[in-house]
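K.L.:
First the structure, then my questions, so here it is.
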Amino acid sequence: MKDSSSPRPLGPLRAVALAAAVLVAGACSPPAPQDEPGPAASGEPASSADAGESSRVTSLNADFTTQAQLVEGLTAAVRNVERTPDSRGAPSLAFDLTLTNATGQPFDATGVAVFVFHGPDSKEALPAILEVDESGNGTLAHFDAPIPDGQEATVTYGFGVYPDHEQVLIEIVPEGSEGLYFSGTVPT
């Protein structure tokens, strides 16, 4: 995943889809268009997902071990959601994203984009570096290789989420496909 931290305007369908996902998840208001993130995967706009379909929005369960079908034969699981400081000590939210490939062919996970929105106004969360090496360098989380058929891969993502914001919406967008949304409440 290549990250772009500059916001870009929402397309009309994506704005409606994201608003529907937030409303289905029980948030108070739809997201503001200027808070839409740049794509985390390829620098290209993510597809216009119809998140209003309940099959595209999955509620995070209480123990944060939620999974859903991303595309046919590919399952996405969000696990181990927790609040933790990032590498600079700023408040962030960390979670493991596991992709399980049963598509019958290798899946190029390098094109998967991950976004997080938080709070009652669905503010965009910027990606956070959770760990740095001994020389002080760190990188943003991303899948860096294809996943062979019958195997899975896990990456731990971090995003800056205000400590008093309980409502989160995690969007996972494989390159060229609709996004899948995980929504829920994270204790403060």
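Residues in the structure tokens are numbered from 1 in each chain, the chains being A, B, ... in the order shown, and ligands are numbered from 1 in the order shown.
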Give the strand (DSSP E or B) residues of stretch 111-156 of chain A, as assigned by DSSP on the backbone, as a list in words.
P.N.:
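DSSP-assigned strand (DSSP E or B) residues in stretch 111-156 of chain A: Ala113, Val114, Phe115, Val116, Phe117, His118, Lys123, Glu124, Ala125, Pro127, Ile147, Glu152, Ala153, Thr154, Val155 and Thr156 of chain A.
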K.L.:
Could you give me, as a ChimeraX atom specification, the residues within 9 Å of A:Glu171, counting only C-alpha atoms and dropping anything in the same chain fewer than 6 positions from it?
P.N.:
/A:113-117,179-183
K.L.:
By how many Å are atom CA of A:Glu178 and atom CA of A:Val112 apart?
P.N.:
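That distance, rounded to one decimal, is 10.9 Å.
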K.L.:
Using only C-alpha atoms, which protein or nucleic acid residues come within 8 Å of A:Glu82? Drop anything in the same chain fewer than 4 positions from it, and give the result as a list in words.
P.N.:
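Residues meeting the cut-off are Leu93, Ala94, Phe95 and Val186 of chain A.
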K.L.:
With a distance cut-off of 9 Å and only C-alpha atoms, select the neighbouring residues of A:Thr65, excluding the residue or stretch itself and same-chain residues fewer than 4 positions from it, and output the selection as a list in words.
P.N.:
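Using only C-alpha atoms, the neighbours found are Leu60, Asn61, Ala77, Val78, Arg79, Asn80 and Val81 of chain A.
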K.L.:
If you keep all heavy atoms, can you produce a file of those selected residues as a PDB file, in the first residue's frame?
P.N.:
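Ended up saving to out-v2.pdb:
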```pdb
ATOM      1  N   LEU A  60     -18.301  -4.585  13.654  1.00  0.00           N
ATOM      2  CA  LEU A  60     -17.238  -5.194  14.456  1.00  0.00           C
ATOM      3  C   LEU A  60     -17.872  -5.832  15.676  1.00  0.00           C
ATOM      4  O   LEU A  60     -18.652  -5.196  16.381  1.00  0.00           O
ATOM      5  CB  LEU A  60     -16.225  -4.132  14.894  1.00  0.00           C
ATOM      6  CG  LEU A  60     -15.349  -3.547  13.795  1.00  0.00           C
ATOM      7  CD1 LEU A  60     -14.609  -2.322  14.312  1.00  0.00           C
ATOM      8  CD2 LEU A  60     -14.375  -4.579  13.279  1.00  0.00           C
ATOM      9  N   ASN A  61     -17.562  -7.092  15.945  1.00  0.00           N
ATOM     10  CA  ASN A  61     -18.142  -7.733  17.118  1.00  0.00           C
ATOM     11  C   ASN A  61     -17.379  -7.324  18.376  1.00  0.00           C
ATOM     12  O   ASN A  61     -16.320  -6.697  18.304  1.00  0.00           O
ATOM     13  CB  ASN A  61     -18.216  -9.255  16.947  1.00  0.00           C
ATOM     14  CG  ASN A  61     -16.871  -9.895  16.702  1.00  0.00           C
ATOM     15  OD1 ASN A  61     -15.838  -9.350  17.069  1.00  0.00           O
ATOM     16  ND2 ASN A  61     -16.869 -11.051  16.076  1.00  0.00           N
ATOM     17  N   ALA A  77     -10.418 -10.157   7.479  1.00  0.00           N
ATOM     18  CA  ALA A  77     -10.738 -10.242   8.909  1.00  0.00           C
ATOM     19  C   ALA A  77     -10.035  -9.102   9.638  1.00  0.00           C
ATOM     20  O   ALA A  77      -8.844  -8.876   9.442  1.00  0.00           O
ATOM     21  CB  ALA A  77     -10.301 -11.588   9.479  1.00  0.00           C
ATOM     22  N   VAL A  78     -10.794  -8.397  10.469  1.00  0.00           N
ATOM     23  CA  VAL A  78     -10.245  -7.353  11.331  1.00  0.00           C
ATOM     24  C   VAL A  78     -10.202  -7.931  12.732  1.00  0.00           C
ATOM     25  O   VAL A  78     -11.221  -8.361  13.269  1.00  0.00           O
ATOM     26  CB  VAL A  78     -11.103  -6.076  11.280  1.00  0.00           C
ATOM     27  CG1 VAL A  78     -10.619  -5.057  12.302  1.00  0.00           C
ATOM     28  CG2 VAL A  78     -11.078  -5.481   9.879  1.00  0.00           C
ATOM     29  N   ARG A  79      -9.006  -7.959  13.310  1.00  0.00           N
ATOM     30  CA  ARG A  79      -8.809  -8.552  14.641  1.00  0.00           C
ATOM     31  C   ARG A  79      -7.928  -7.640  15.495  1.00  0.00           C
ATOM     32  O   ARG A  79      -7.219  -6.788  14.993  1.00  0.00           O
ATOM     33  CB  ARG A  79      -8.122  -9.912  14.513  1.00  0.00           C
ATOM     34  CG  ARG A  79      -8.915 -10.934  13.748  1.00  0.00           C
ATOM     35  CD  ARG A  79      -8.203 -12.292  13.761  1.00  0.00           C
ATOM     36  NE  ARG A  79      -9.033 -13.304  13.167  1.00  0.00           N
ATOM     37  CZ  ARG A  79      -8.839 -13.821  11.958  1.00  0.00           C
ATOM     38  NH1 ARG A  79      -7.831 -13.426  11.236  1.00  0.00           N
ATOM     39  NH2 ARG A  79      -9.652 -14.731  11.483  1.00  0.00           N
ATOM     40  N   ASN A  80      -7.961  -7.900  16.782  1.00  0.00           N
ATOM     41  CA  ASN A  80      -7.057  -7.241  17.731  1.00  0.00           C
ATOM     42  C   ASN A  80      -7.104  -5.721  17.642  1.00  0.00           C
ATOM     43  O   ASN A  80      -6.077  -5.059  17.633  1.00  0.00           O
ATOM     44  CB  ASN A  80      -5.621  -7.744  17.541  1.00  0.00           C
ATOM     45  CG  ASN A  80      -5.533  -9.241  17.651  1.00  0.00           C
ATOM     46  OD1 ASN A  80      -6.160  -9.852  18.512  1.00  0.00           O
ATOM     47  ND2 ASN A  80      -4.780  -9.857  16.757  1.00  0.00           N
ATOM     48  N   VAL A  81      -8.299  -5.166  17.580  1.00  0.00           N
ATOM     49  CA  VAL A  81      -8.458  -3.709  17.546  1.00  0.00           C
ATOM     50  C   VAL A  81      -8.139  -3.171  18.933  1.00  0.00           C
ATOM     51  O   VAL A  81      -8.710  -3.619  19.928  1.00  0.00           O
ATOM     52  CB  VAL A  81      -9.897  -3.319  17.139  1.00  0.00           C
ATOM     53  CG1 VAL A  81     -10.064  -1.808  17.139  1.00  0.00           C
ATOM     54  CG2 VAL A  81     -10.249  -3.916  15.775  1.00  0.00           C
TER      55      VAL A  81
END
```
K.L.:
Nearest residue to A:Pro120 out of A:Thr75, A:Asp63, A:His165, A:Thr58, using only C-alpha atoms?
P.N.:
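Distance minimum relative to A:Pro120 lands on A:His165.
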K.L.:
Write out as a PDB file with C-alpha atoms, in the first residue's frame the residues lying within 10 Å of stretch 152-162 of chain A, counting only C-alpha atoms and excluding same-chain residues fewer than 3 positions away.
P.N.:
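Just written: result-v2.pdb:
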```pdb
ATOM      1  CA  LEU A  74     -11.094 -13.593  -0.581  1.00  0.00           C
ATOM      2  CA  THR A  75     -11.913 -13.026   3.082  1.00  0.00           C
ATOM      3  CA  ALA A  76     -10.897  -9.987   5.110  1.00  0.00           C
ATOM      4  CA  ALA A  77     -10.738 -10.242   8.909  1.00  0.00           C
ATOM      5  CA  VAL A  78     -10.245  -7.353  11.331  1.00  0.00           C
ATOM      6  CA  ARG A  79      -8.809  -8.552  14.641  1.00  0.00           C
ATOM      7  CA  ASN A  80      -7.057  -7.241  17.731  1.00  0.00           C
ATOM      8  CA  VAL A  81      -8.458  -3.709  17.546  1.00  0.00           C
ATOM      9  CA  GLU A  82      -6.843  -1.650  20.281  1.00  0.00           C
ATOM     10  CA  ARG A  83      -5.871   1.864  21.211  1.00  0.00           C
ATOM     11  CA  THR A  84      -2.138   2.345  21.399  1.00  0.00           C
ATOM     12  CA  PRO A  85       0.342   5.186  21.021  1.00  0.00           C
ATOM     13  CA  ASP A  86       2.061   5.483  17.653  1.00  0.00           C
ATOM     14  CA  SER A  87       5.845   5.694  17.328  1.00  0.00           C
ATOM     15  CA  ALA A  90       0.334  10.173  19.709  1.00  0.00           C
ATOM     16  CA  PRO A  91      -3.006   8.384  20.257  1.00  0.00           C
ATOM     17  CA  SER A  92      -3.795   5.858  17.568  1.00  0.00           C
ATOM     18  CA  LEU A  93      -5.873   2.825  16.791  1.00  0.00           C
ATOM     19  CA  ALA A  94      -4.146  -0.400  15.751  1.00  0.00           C
ATOM     20  CA  PHE A  95      -5.707  -3.498  14.223  1.00  0.00           C
ATOM     21  CA  ASP A  96      -4.656  -6.598  12.350  1.00  0.00           C
ATOM     22  CA  LEU A  97      -6.038  -7.062   8.857  1.00  0.00           C
ATOM     23  CA  THR A  98      -5.842 -10.656   7.638  1.00  0.00           C
ATOM     24  CA  LEU A  99      -6.582 -11.532   4.026  1.00  0.00           C
ATOM     25  CA  THR A 100      -7.305 -15.217   3.299  1.00  0.00           C
ATOM     26  CA  ASN A 101      -7.046 -16.227  -0.338  1.00  0.00           C
ATOM     27  CA  ALA A 102      -9.239 -19.037  -1.693  1.00  0.00           C
ATOM     28  CA  ALA A 109      -2.518  -7.748  -2.062  1.00  0.00           C
ATOM     29  CA  VAL A 114      -7.178   0.766   3.871  1.00  0.00           C
ATOM     30  CA  PHE A 115      -8.936   3.841   5.257  1.00  0.00           C
ATOM     31  CA  VAL A 116     -10.293   4.665   8.718  1.00  0.00           C
ATOM     32  CA  PHE A 117     -12.912   7.258   9.635  1.00  0.00           C
ATOM     33  CA  HIS A 118     -13.737   8.128  13.247  1.00  0.00           C
ATOM     34  CA  GLY A 119     -16.061  10.053  15.494  1.00  0.00           C
ATOM     35  CA  LYS A 123     -13.286  12.395  10.266  1.00  0.00           C
ATOM     36  CA  GLU A 124     -10.534  10.844   8.181  1.00  0.00           C
ATOM     37  CA  ALA A 125      -7.827   9.206  10.275  1.00  0.00           C
ATOM     38  CA  LEU A 126      -4.332   9.613   8.961  1.00  0.00           C
ATOM     39  CA  PRO A 127      -2.115   6.513   8.789  1.00  0.00           C
ATOM     40  CA  ALA A 128       0.277   6.175  11.739  1.00  0.00           C
ATOM     41  CA  ILE A 129       3.658   4.513  12.055  1.00  0.00           C
ATOM     42  CA  LEU A 130       3.429   2.142  15.001  1.00  0.00           C
ATOM     43  CA  GLU A 131       7.055   0.994  15.250  1.00  0.00           C
ATOM     44  CA  LEU A 140       3.384   2.781   7.030  1.00  0.00           C
ATOM     45  CA  ALA A 141       1.679  -0.596   7.063  1.00  0.00           C
ATOM     46  CA  HIS A 142       0.889  -2.269   3.755  1.00  0.00           C
ATOM     47  CA  PHE A 143       0.745  -5.656   2.094  1.00  0.00           C
ATOM     48  CA  ASP A 144       3.970  -6.018   0.128  1.00  0.00           C
ATOM     49  CA  ALA A 145       3.511  -9.293  -1.762  1.00  0.00           C
ATOM     50  CA  PRO A 146       0.902 -11.416  -3.518  1.00  0.00           C
ATOM     51  CA  ILE A 147      -0.895 -14.001  -1.383  1.00  0.00           C
ATOM     52  CA  PRO A 148      -0.763 -17.518  -2.872  1.00  0.00           C
ATOM     53  CA  ASP A 149      -4.022 -19.445  -3.190  1.00  0.00           C
ATOM     54  CA  HIS A 165     -13.868   9.015  19.493  1.00  0.00           C
ATOM     55  CA  GLU A 166     -15.529   5.644  19.968  1.00  0.00           C
ATOM     56  CA  GLN A 167     -17.197   5.159  16.564  1.00  0.00           C
ATOM     57  CA  VAL A 168     -14.886   3.902  13.786  1.00  0.00           C
ATOM     58  CA  THR A 188     -12.074   5.096  24.857  1.00  0.00           C
TER      59      THR A 188
END
```
K.L.:
Figure out the distance between atom CA of A:Thr103 and atom CA of A:Gly73, please, to one decimal in Å.
P.N.:
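We find that atom CA of A:Gly73 and atom CA of A:Thr103 lie 4.3 Å from each other.
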K.L.:
Using only C-alpha atoms, find the one residue out of A:Val57, A:Glu134, A:Gly89, A:Pro174 that sits nearest to A:Glu72.
P.N.:
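When distances to A:Glu72 are compared using only C-alpha atoms, the smallest one comes from A:Pro174.
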K.L.:
Calculate how many Å separate atom CA of A:Gly150 from atom CA of A:Gln67, rounding to one decimal.
P.N.:
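Spanning atom CA of A:Gly150 to atom CA of A:Gln67 is a straight-line distance of 16.6 Å.
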